[in-house]
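Structure file run.cif; described as mmCIF, C-alpha atoms and all ligand atoms.
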data_final
#
loop_
_atom_site.label_atom_id
_atom_site.label_comp_id
_atom_site.auth_asym_id
_atom_site.auth_seq_id
_atom_site.Cartn_x
_atom_site.Cartn_y
_atom_site.Cartn_z
CA MET A 1 0.00 0.00 0.00
CA GLN A 2 1.34 3.45 -0.99
CA GLN A 3 1.85 5.85 1.96
CA THR A 4 3.06 9.38 2.61
CA ASN A 5 6.64 9.46 3.87
CA GLU A 6 5.61 10.49 7.35
CA ILE A 7 3.03 7.71 7.77
CA PHE A 8 5.44 5.18 6.25
CA PHE A 9 8.29 5.96 8.66
CA ASP A 10 5.93 6.19 11.65
CA LYS A 11 4.70 2.69 10.80
CA ILE A 12 8.26 1.39 10.47
CA GLU A 13 9.05 2.84 13.88
CA THR A 14 5.99 1.09 15.36
CA VAL A 15 6.96 -2.23 13.76
CA PHE A 16 10.54 -1.80 14.98
CA ASN A 17 9.34 -1.15 18.54
CA SER A 18 7.04 -4.20 18.41
CA ASN A 19 10.03 -6.52 17.82
CA PHE A 20 8.44 -8.18 14.78
CA PRO A 21 10.50 -9.13 11.68
CA PHE A 22 10.73 -6.52 8.93
CA ILE A 23 12.82 -5.29 6.03
CA VAL A 24 12.92 -1.77 4.61
CA PHE A 25 14.85 -1.32 1.37
CA ARG A 26 15.49 1.03 -1.51
CA LYS A 27 17.12 -0.15 -4.74
CA PRO A 28 19.97 1.89 -6.33
CA ASN A 29 18.93 5.17 -7.97
CA GLU A 30 15.24 4.72 -7.18
CA ASN A 31 12.84 6.85 -5.13
CA LYS A 32 10.64 3.97 -4.10
CA VAL A 33 11.14 2.60 -0.57
CA THR A 34 9.51 -0.74 0.23
CA ALA A 35 8.87 -2.43 3.57
CA LEU A 36 7.83 -6.02 4.20
CA CYS A 37 6.50 -6.45 7.72
CA GLN A 38 6.05 -10.07 8.68
CA LYS A 39 2.76 -10.75 10.48
CA THR A 40 4.26 -13.30 12.91
CA ASN A 41 7.72 -13.69 14.40
CA GLU A 42 8.32 -17.09 12.82
CA LEU A 43 11.70 -17.67 11.19
CA PHE A 44 11.20 -19.01 7.65
CA GLU A 45 14.09 -20.84 6.06
CA LEU A 46 14.34 -20.46 2.28
CA LYS A 47 13.26 -23.82 0.84
CA SER A 48 13.34 -23.04 -2.86
CA PHE A 49 14.32 -20.24 -5.20
CA ASP A 50 10.78 -20.48 -6.61
CA GLN A 51 9.42 -18.78 -3.46
CA SER A 52 8.51 -15.08 -3.43
CA GLY A 53 9.70 -12.65 -0.81
CA PHE A 54 12.82 -11.00 0.59
CA ILE A 55 15.81 -13.24 1.19
CA PHE A 56 18.79 -12.84 3.48
CA ALA A 57 21.65 -15.31 3.00
CA PRO A 58 24.97 -15.60 4.85
CA PHE A 59 28.50 -15.75 3.40
CA ASN A 60 28.65 -19.46 4.24
CA LYS A 61 26.91 -21.32 1.40
CA ASN A 62 25.59 -23.93 3.83
CA GLY A 63 24.37 -21.41 6.40
CA LEU A 64 20.75 -20.50 7.12
CA LYS A 65 19.07 -18.59 4.27
CA ILE A 66 16.07 -16.67 5.54
CA ILE A 67 12.99 -15.54 3.66
CA PHE A 68 10.28 -13.10 4.61
CA PRO A 69 7.61 -14.79 2.44
CA LEU A 70 5.49 -12.29 0.54
CA GLU A 71 2.25 -13.99 1.57
CA LYS A 72 3.19 -13.68 5.27
CA CYS A 73 3.91 -9.95 5.10
CA ASP A 74 2.19 -6.58 4.93
CA VAL A 75 3.81 -4.58 2.15
CA LEU A 76 4.21 -0.80 2.54
CA ILE A 77 5.55 1.56 -0.11
CA THR A 78 6.51 5.21 -0.19
CA ASN A 79 8.24 7.47 -2.72
CA LEU A 80 10.97 9.84 -1.62
CA ASP A 81 10.89 13.05 -3.59
CA ASN A 82 13.13 15.04 -1.26
CA ASP A 83 15.95 14.37 1.15
CA PHE A 84 15.07 14.10 4.83
CA GLU A 85 15.83 17.16 6.90
CA LEU A 86 17.89 15.71 9.69
CA ASN A 87 19.25 17.54 12.68
CA GLU A 88 22.96 17.16 13.21
CA LYS A 89 23.37 14.47 15.82
CA SER A 90 26.70 14.07 17.53
CA THR A 91 26.72 10.40 18.37
CA VAL A 92 29.65 9.55 20.60
CA LEU A 93 31.11 6.30 19.34
CA LYS A 94 33.52 4.38 21.52
CA SER A 95 35.55 1.72 19.76
CA THR A 96 35.61 -1.59 21.60
CA THR A 97 37.79 -3.16 18.93
CA LYS A 98 40.90 -4.61 20.55
CA ASP A 99 44.09 -2.50 20.46
CA ASN A 100 45.90 -5.21 18.53
CA ALA A 101 43.26 -5.31 15.73
CA GLN A 102 45.51 -3.44 13.29
CA VAL A 103 48.56 -5.59 14.04
CA ASN A 104 46.46 -8.76 13.69
CA HIS A 105 44.84 -7.75 10.44
CA ILE A 106 48.15 -6.68 8.91
CA SER A 107 49.74 -9.95 9.95
CA ILE A 108 46.95 -11.99 8.28
CA ILE A 109 47.33 -9.89 5.13
CA GLU A 110 51.08 -10.53 5.10
CA LYS A 111 50.41 -14.27 5.43
CA ALA A 112 47.99 -14.07 2.50
CA VAL A 113 50.53 -12.20 0.33
CA GLU A 114 53.16 -14.91 1.04
CA PHE A 115 50.60 -17.63 0.31
CA ILE A 116 49.69 -15.96 -3.00
CA LYS A 117 53.36 -15.44 -3.91
CA SER A 118 53.92 -19.17 -3.50
CA ASN A 119 51.31 -19.63 -6.28
CA LYS A 120 48.67 -21.23 -4.08
CA ALA A 121 46.06 -18.56 -4.92
CA LYS A 122 45.68 -15.44 -7.05
CA LYS A 123 43.45 -13.37 -4.80
CA ILE A 124 42.06 -13.67 -1.26
CA VAL A 125 39.56 -11.21 0.23
CA LEU A 126 40.23 -10.66 3.93
CA SER A 127 37.85 -8.91 6.27
CA ARG A 128 37.39 -7.86 9.86
CA LYS A 129 34.76 -6.49 12.20
CA GLU A 130 35.01 -3.13 13.96
CA THR A 131 32.73 -2.68 16.96
CA LEU A 132 31.59 0.72 18.21
CA GLU A 133 29.59 1.45 21.32
CA SER A 134 27.08 4.21 21.86
CA ASP A 135 23.88 4.58 23.82
CA THR A 136 22.34 6.95 21.28
CA ILE A 137 22.16 4.81 18.14
CA ASP A 138 18.86 5.58 16.40
CA VAL A 139 17.95 3.05 13.70
CA ILE A 140 15.39 5.19 11.86
CA TYR A 141 17.74 8.20 11.85
CA THR A 142 20.53 6.00 10.45
CA LEU A 143 18.20 4.62 7.78
CA LYS A 144 17.28 8.17 6.72
CA GLN A 145 20.96 9.17 6.65
CA MET A 146 21.74 6.22 4.37
CA LEU A 147 18.81 7.10 2.09
CA ASN A 148 19.99 10.72 1.89
CA ASN A 149 23.68 9.99 1.38
CA TYR A 150 23.95 6.76 -0.61
CA LYS A 151 21.54 7.18 -3.52
CA ASN A 152 23.28 4.77 -5.89
CA ALA A 153 23.50 2.03 -3.26
CA PHE A 154 21.04 -0.68 -2.23
CA VAL A 155 20.04 0.67 1.20
CA TYR A 156 18.36 -1.53 3.79
CA VAL A 157 17.48 -2.26 7.40
CA TRP A 158 16.64 -5.92 8.14
CA PHE A 159 15.43 -7.27 11.45
CA HIS A 160 14.37 -10.61 12.83
CA PRO A 161 14.11 -11.11 16.62
CA LYS A 162 15.75 -14.55 16.33
CA ILE A 163 18.70 -13.30 14.23
CA GLY A 164 19.22 -9.61 14.94
CA LEU A 165 19.35 -6.27 13.17
CA TRP A 166 21.48 -5.62 10.09
CA MET A 167 21.69 -2.53 7.95
CA GLY A 168 23.78 -1.30 5.07
CA ALA A 169 24.29 0.57 1.82
CA THR A 170 25.92 -1.77 -0.66
CA PRO A 171 27.31 -0.78 -4.07
CA GLU A 172 27.38 -4.36 -5.40
CA ARG A 173 24.67 -6.22 -7.32
CA LEU A 174 24.95 -9.99 -7.24
CA ILE A 175 22.28 -10.78 -9.82
CA SER A 176 19.06 -9.37 -11.23
CA ILE A 177 16.70 -11.32 -13.44
CA SER A 178 13.60 -9.95 -15.10
CA GLU A 179 11.85 -11.79 -17.95
CA ASN A 180 14.93 -13.89 -18.79
CA LYS A 181 17.17 -10.82 -18.90
CA LEU A 182 20.12 -11.10 -16.55
CA LYS A 183 22.19 -8.28 -15.08
CA THR A 184 25.22 -8.61 -12.87
CA MET A 185 28.49 -6.76 -12.24
CA SER A 186 32.09 -7.22 -11.39
CA LEU A 187 33.10 -4.70 -8.72
CA ALA A 188 36.55 -4.48 -7.16
CA GLY A 189 39.48 -2.14 -6.66
CA THR A 190 39.17 0.74 -4.23
CA GLN A 191 40.52 4.25 -3.86
CA LYS A 192 39.30 7.33 -2.03
CA PHE A 193 37.01 9.73 -3.89
CA LYS A 194 38.73 13.11 -4.13
CA GLY A 195 36.17 15.03 -6.16
CA THR A 196 36.65 13.40 -9.58
CA LEU A 197 35.93 10.08 -11.32
CA ASP A 198 38.80 10.76 -13.66
CA VAL A 199 41.46 8.75 -11.82
CA ILE A 200 44.28 6.36 -12.58
CA TRP A 201 44.06 2.74 -11.44
CA GLN A 202 47.19 0.75 -10.63
CA GLU A 203 47.92 -2.71 -11.98
CA LYS A 204 46.97 -4.27 -8.62
CA GLU A 205 43.40 -2.95 -8.82
CA LEU A 206 43.06 -3.65 -12.55
CA HIS A 207 44.12 -7.26 -11.95
CA GLU A 208 41.94 -7.89 -8.90
CA GLN A 209 38.90 -6.57 -10.76
CA ARG A 210 39.77 -8.57 -13.88
CA TYR A 211 39.76 -11.79 -11.84
CA VAL A 212 36.19 -11.06 -10.80
CA THR A 213 35.03 -10.26 -14.36
CA ASP A 214 36.67 -13.40 -15.79
CA TYR A 215 35.15 -15.59 -13.09
CA ILE A 216 31.64 -14.22 -13.57
CA VAL A 217 31.82 -14.43 -17.38
CA GLU A 218 33.14 -18.00 -17.28
CA ASN A 219 30.32 -19.08 -14.96
CA ILE A 220 27.35 -17.40 -16.58
CA LYS A 221 28.21 -17.42 -20.29
CA PRO A 222 27.20 -21.07 -20.85
CA LYS A 223 23.71 -20.23 -19.54
CA LEU A 224 23.13 -17.27 -21.86
CA THR A 225 22.08 -16.88 -25.48
CA SER A 226 23.33 -13.32 -25.85
CA PHE A 227 25.92 -11.61 -23.76
CA LYS A 228 27.46 -8.15 -23.27
CA THR A 229 30.02 -6.46 -21.00
CA VAL A 230 30.54 -2.74 -20.47
CA GLY A 231 33.63 -1.49 -18.66
CA PRO A 232 35.62 -1.51 -16.54
CA TYR A 233 34.80 2.06 -15.54
CA THR A 234 35.05 4.08 -12.35
CA VAL A 235 32.05 4.36 -10.01
CA GLN A 236 31.56 6.29 -6.80
CA ALA A 237 30.33 4.59 -3.63
CA GLY A 238 30.03 7.31 -0.98
CA SER A 239 33.54 8.50 -0.18
CA LEU A 240 35.13 5.70 -2.23
CA LEU A 241 35.69 4.77 -5.87
CA HIS A 242 35.61 1.29 -7.39
CA LEU A 243 36.20 -0.30 -10.78
CA ARG A 244 33.08 -1.84 -12.26
CA THR A 245 32.15 -3.91 -15.31
CA ASP A 246 28.46 -4.38 -16.14
CA ILE A 247 27.61 -7.83 -17.45
CA SER A 248 24.23 -8.60 -19.02
CA GLY A 249 22.56 -11.17 -21.23
CA THR A 250 19.52 -13.28 -22.08
CA LEU A 251 19.02 -16.57 -20.24
CA LYS A 252 18.63 -19.83 -22.15
CA SER A 253 15.77 -20.88 -19.88
CA SER A 254 13.70 -19.45 -17.06
CA ASN A 255 14.65 -21.85 -14.26
CA LEU A 256 18.34 -21.08 -13.87
CA LEU A 257 18.30 -18.79 -10.84
CA GLU A 258 19.45 -21.33 -8.26
CA THR A 259 22.21 -22.70 -10.53
CA LEU A 260 23.39 -19.16 -11.24
CA ILE A 261 23.47 -18.13 -7.58
CA ASN A 262 25.31 -21.32 -6.66
CA SER A 263 27.93 -20.75 -9.30
CA LEU A 264 28.33 -17.03 -8.58
CA HIS A 265 28.29 -16.79 -4.78
CA PRO A 266 30.80 -16.18 -3.30
CA THR A 267 32.42 -14.29 -6.17
CA PRO A 268 36.12 -13.33 -6.09
CA ALA A 269 34.97 -9.79 -5.15
CA ILE A 270 34.38 -11.06 -1.61
CA CYS A 271 36.15 -14.44 -1.48
CA GLY A 272 38.98 -15.08 -3.93
CA ILE A 273 40.50 -17.23 -6.66
CA PRO A 274 40.55 -20.22 -6.64
CA LYS A 275 37.33 -20.19 -4.66
CA LYS A 276 37.93 -23.28 -2.51
CA VAL A 277 41.52 -22.34 -1.61
CA ALA A 278 40.47 -18.76 -0.77
CA THR A 279 37.50 -19.96 1.31
CA ASP A 280 39.73 -22.32 3.32
CA PHE A 281 42.28 -19.54 3.89
CA ILE A 282 39.53 -17.17 5.07
CA LEU A 283 38.00 -19.73 7.44
CA GLU A 284 41.39 -20.65 8.87
CA HIS A 285 42.81 -17.14 9.30
CA GLU A 286 40.14 -14.43 9.61
CA GLY A 287 39.36 -15.56 13.14
CA TYR A 288 35.75 -14.40 13.31
CA ASN A 289 32.38 -15.33 11.83
CA ARG A 290 31.35 -13.21 8.81
CA ALA A 291 27.71 -14.24 9.40
CA TYR A 292 25.57 -12.25 6.92
CA TYR A 293 28.40 -9.88 5.85
CA SER A 294 29.35 -10.68 2.24
CA GLY A 295 26.28 -12.87 1.92
CA TYR A 296 23.46 -11.65 -0.32
CA LEU A 297 20.03 -10.18 0.11
CA GLY A 298 17.10 -8.84 -1.86
CA GLU A 299 13.85 -9.41 -3.68
CA LEU A 300 13.17 -12.95 -4.83
CA ASN A 301 10.46 -13.29 -7.48
CA MET A 302 8.74 -10.08 -6.43
CA ASN A 303 6.81 -8.22 -9.19
CA ASN A 304 8.17 -10.83 -11.64
CA SER A 305 11.77 -9.98 -10.94
CA THR A 306 14.66 -10.94 -8.70
CA ASN A 307 17.17 -8.35 -7.46
CA LEU A 308 19.93 -9.61 -5.19
CA PHE A 309 22.80 -7.57 -3.75
CA VAL A 310 26.02 -8.48 -1.95
CA ASN A 311 25.86 -7.52 1.73
CA LEU A 312 28.74 -5.01 1.94
CA ARG A 313 29.17 -1.65 3.72
CA CYS A 314 26.96 -3.14 6.40
CA MET A 315 26.73 -3.45 10.15
CA GLN A 316 25.00 -5.47 12.82
CA LEU A 317 23.36 -3.60 15.69
CA GLU A 318 23.12 -5.24 19.11
CA ASN A 319 22.01 -3.45 22.27
CA ASN A 320 24.29 -0.43 22.35
CA SER A 321 26.84 -1.53 19.80
CA ALA A 322 27.34 -1.43 16.06
CA SER A 323 29.68 -3.94 14.43
CA ILE A 324 30.86 -2.72 11.03
CA PHE A 325 32.16 -5.36 8.60
CA VAL A 326 34.89 -4.45 6.13
CA GLY A 327 37.26 -6.27 3.82
CA GLY A 328 39.45 -5.96 0.77
CA GLY A 329 41.04 -8.03 -1.97
CA ILE A 330 44.63 -9.17 -1.42
CA THR A 331 46.90 -10.05 -4.35
CA CYS A 332 50.66 -10.60 -4.71
CA LYS A 333 50.98 -6.81 -5.17
CA SER A 334 49.22 -5.85 -1.92
CA ILE A 335 50.94 -3.63 0.61
CA ALA A 336 49.57 -4.69 4.00
CA GLU A 337 49.50 -1.20 5.54
CA ASN A 338 47.54 0.20 2.55
CA GLU A 339 45.06 -2.66 2.75
CA TRP A 340 44.48 -1.84 6.42
CA VAL A 341 43.84 1.83 5.54
CA GLU A 342 41.36 0.67 2.88
CA THR A 343 39.31 -1.18 5.52
CA VAL A 344 39.36 1.95 7.72
CA SER A 345 37.99 4.00 4.78
CA LYS A 346 35.31 1.39 4.12
CA ALA A 347 34.25 1.45 7.79
CA GLU A 348 33.75 5.23 7.47
CA ILE A 349 30.77 4.63 5.15
CA MET A 350 28.69 3.19 8.02
CA ARG A 351 30.34 5.18 10.83
CA LYS A 352 29.24 8.41 9.12
CA VAL A 353 25.53 7.56 9.23
CA LEU A 354 25.33 6.49 12.88
C1 LIG B 401 34.93 -6.65 0.59
C2 LIG B 401 34.40 -5.45 0.41
O1 LIG B 401 34.30 -4.84 -0.80
C3 LIG B 401 34.68 -5.52 -1.99
C4 LIG B 401 36.12 -5.44 -2.21
C5 LIG B 401 36.66 -4.40 -2.92
C6 LIG B 401 38.18 -4.28 -3.04
O2 LIG B 401 38.89 -5.18 -2.59
O3 LIG B 401 38.67 -3.27 -3.55
C7 LIG B 401 35.85 -3.48 -3.58
C8 LIG B 401 34.52 -3.65 -3.63
C9 LIG B 401 33.90 -4.88 -3.13
O4 LIG B 401 33.83 -5.83 -4.14
C10 LIG B 401 33.85 -4.65 1.55
O5 LIG B 401 33.33 -3.56 1.32
O6 LIG B 401 33.93 -5.13 2.69
#
Could you write out this file's structure as structure tokens?
Amino acid sequence: MQQTNEIFFDKIETVFNSNFPFIVFRKPNENKVTALCQKTNELFELKSFDQSGFIFAPFNKNGLKIIFPLEKCDVLITNLDNDFELNEKSTVLKSTTKDNAQVNHISIIEKAVEFIKSNKAKKIVLSRKETLESDTIDVIYTLKQMLNNYKNAFVYVWFHPKIGLWMGATPERLISISENKLKTMSLAGTQKFKGTLDVIWQEKELHEQRYVTDYIVENIKPKLTSFKTVGPYTVQAGSLLHLRTDISGTLKSSNLLETLINSLHPTPAICGIPKKVATDFILEHEGYNRAYYSGYLGELNMNNSTNLFVNLRCMQLENNSASIFVGGGITCKSIAENEWVETVSKAEIMRKVL
């Protein structure tokens, strides 16, 4: 049901306070904001990619994939024509991340570089979690900040009482399918945005993004009748820039979604090459559970289309803390200190909206 902005956000606040499961999302470059409010607090596991609803899947392929089934939800919609007028709020954020976090992360990166140099892998994406404490975190305010500031991102707040509260503004599409037309992207390589898209990319970034493009093309091409790539070109994601290639095509048949997701996720944008070697390295060395970070989420068979995004630039909110998840691609050319700084810049994207 279409609502005015004020009524829409008041309802979201009421649902949030009632502790029932809900998702609010806005797709990249759209004005339409959609909410699915589940009528009970049951936890529905995704049983088949033929279901309709909003799905939330973890990084671990065998982990619990959750669906808010369309038929179990009230759907609310609003259109944002203007930015929200938000008062400046000076949230005091206290980092509870351990003092040795930087030393640890750098040491894992150095191990990965050595591992890659010995030809055991080409790329490994390593991540970490940064936890901030504050007693004034306001979820609706943060949602509005993300909507105002990250217009070309997939912005969301997801909550289930049995799982927790996640929110984010991701620049990365995993897969979209509408009437047998497929759209995906290869996104990798990071530098700070300094006022222009006209920048130079080093070999390290060009290579790490190329690995992702090659992997995606190799996996989806056999399932397509026609096929096109555009890029790589530079895109802005908040205060960062990335290299992106758009990949699109027409599917050979209409029942390929599950096969495609299984062959794409996790892509080398968030895992590595070769996939199995990179996954094992991540599980052995990262030393924490990625949970839903670098998993995927989005509309499944809603309005005859599927739109799934990779869960990046995201955080998990618990009581008075926000855990921000950040990572970056490591290759033989990585400089550990620079890779650390890149994760600090990525964490800024969520820190800024708290
Ligand atoms: C892993 C993340 O981002 C991914 C890694 C990137 C990189 O290594 O340069 C860039 C964009 C994303 O594909 C993240 O944001 O946590």
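Across A:Arg210, A:Lys65, A:Lys39, A:Lys194, the tightest approach to ligand LIG 401 (chain B) is made by A:Arg210 when counting all atoms listed in the file.
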Find the residues near ligand LIG 401 (chain B). Use a cut-off of 6 Å, count only C-alpha atoms and all ligand atoms, and write them as a PyMOL selection string. chain A and resi 187-190+269-270+312-313+326-329
Output the selection as an mmCIF file, in the frame of the given file - C-alpha atoms for each residue.
data_model
loop_
_atom_site.group_PDB
_atom_site.id
_atom_site.type_symbol
_atom_site.label_atom_id
_atom_site.label_comp_id
_atom_site.auth_asym_id
_atom_site.auth_seq_id
_atom_site.Cartn_x
_atom_site.Cartn_y
_atom_site.Cartn_z
ATOM 1 C CA LEU A 187 33.100 -4.700 -8.720
ATOM 2 C CA ALA A 188 36.550 -4.480 -7.160
ATOM 3 C CA GLY A 189 39.480 -2.140 -6.660
ATOM 4 C CA THR A 190 39.170 0.740 -4.230
ATOM 5 C CA ALA A 269 34.970 -9.790 -5.150
ATOM 6 C CA ILE A 270 34.380 -11.060 -1.610
ATOM 7 C CA LEU A 312 28.740 -5.010 1.940
ATOM 8 C CA ARG A 313 29.170 -1.650 3.720
ATOM 9 C CA VAL A 326 34.890 -4.450 6.130
ATOM 10 C CA GLY A 327 37.260 -6.270 3.820
ATOM 11 C CA GLY A 328 39.450 -5.960 0.770
ATOM 12 C CA GLY A 329 41.040 -8.030 -1.970
#
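Of note, CA of Glu342 (chain A) and CA of Asn29 (chain A) are spaced 25.3 Å apart.
All residues of protein, DNA or RNA that reach within 9 Å of region 233-240 of chain A, judged by all atoms listed in the file and not counting those fewer than 2 positions away in the chain, are Asn149, Tyr150, Lys151, Asn152, Ala153, Thr170, Pro171, Thr190, Gln191, Lys192, Phe193, Lys194, Leu197, Asp198, Val199, Val230, Gly231, His242, Leu243, Arg244, Thr245, Ser345, Lys346, Glu348 and Ile349 of chain A.
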Could you take the residues named above and write them with C-alpha atoms, as a CSV table (one decimal), in the coordinates of the input?
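Output file again15.csv is given in full below:
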chain,number,residue,atom,x,y,z
A,149,ASN,CA,23.7,10.0,1.4
A,150,TYR,CA,24.0,6.8,-0.6
A,151,LYS,CA,21.5,7.2,-3.5
A,152,ASN,CA,23.3,4.8,-5.9
A,153,ALA,CA,23.5,2.0,-3.3
A,170,THR,CA,25.9,-1.8,-0.7
A,171,PRO,CA,27.3,-0.8,-4.1
A,190,THR,CA,39.2,0.7,-4.2
A,191,GLN,CA,40.5,4.2,-3.9
A,192,LYS,CA,39.3,7.3,-2.0
A,193,PHE,CA,37.0,9.7,-3.9
A,194,LYS,CA,38.7,13.1,-4.1
A,197,LEU,CA,35.9,10.1,-11.3
A,198,ASP,CA,38.8,10.8,-13.7
A,199,VAL,CA,41.5,8.8,-11.8
A,230,VAL,CA,30.5,-2.7,-20.5
A,231,GLY,CA,33.6,-1.5,-18.7
A,242,HIS,CA,35.6,1.3,-7.4
A,243,LEU,CA,36.2,-0.3,-10.8
A,244,ARG,CA,33.1,-1.8,-12.3
A,245,THR,CA,32.2,-3.9,-15.3
A,345,SER,CA,38.0,4.0,4.8
A,346,LYS,CA,35.3,1.4,4.1
A,348,GLU,CA,33.8,5.2,7.5
A,349,ILE,CA,30.8,4.6,5.2
Would you work out the distance separating CA of Asn289 (chain A) from CA of Ser186 (chain A), expressed in Å to one decimal?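 One can read the CA of Asn289 (chain A) to CA of Ser186 (chain A) distance as 24.6 Å.
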Go through A:Tyr156, A:Ile109, A:Asn255, A:Ala101 and flag the residue nearest Val344 (chain A), using all atoms listed in the file for the distances. A:Ala101
Find the distance between CA of Pro232 (chain A) and CA of Gly298 (chain A) and write it in Å to one decimal. 24.7 Å
Residue with smallest distance to Lys72 (chain A) - pool A:Gln38, A:Asn60, A:Ser52, A:Thr96, counting all atoms listed in the file: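 Once distances to Lys72 (chain A) are computed over all atoms listed in the file, the minimum belongs to A:Gln38.
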Applying 6 Å and all atoms listed in the file, which residues near Lys123 (chain A) remain after dropping the ones on its own chain fewer than 6 positions away? List them as a PyMOL selection string. chain A and resi 272-273+330-331
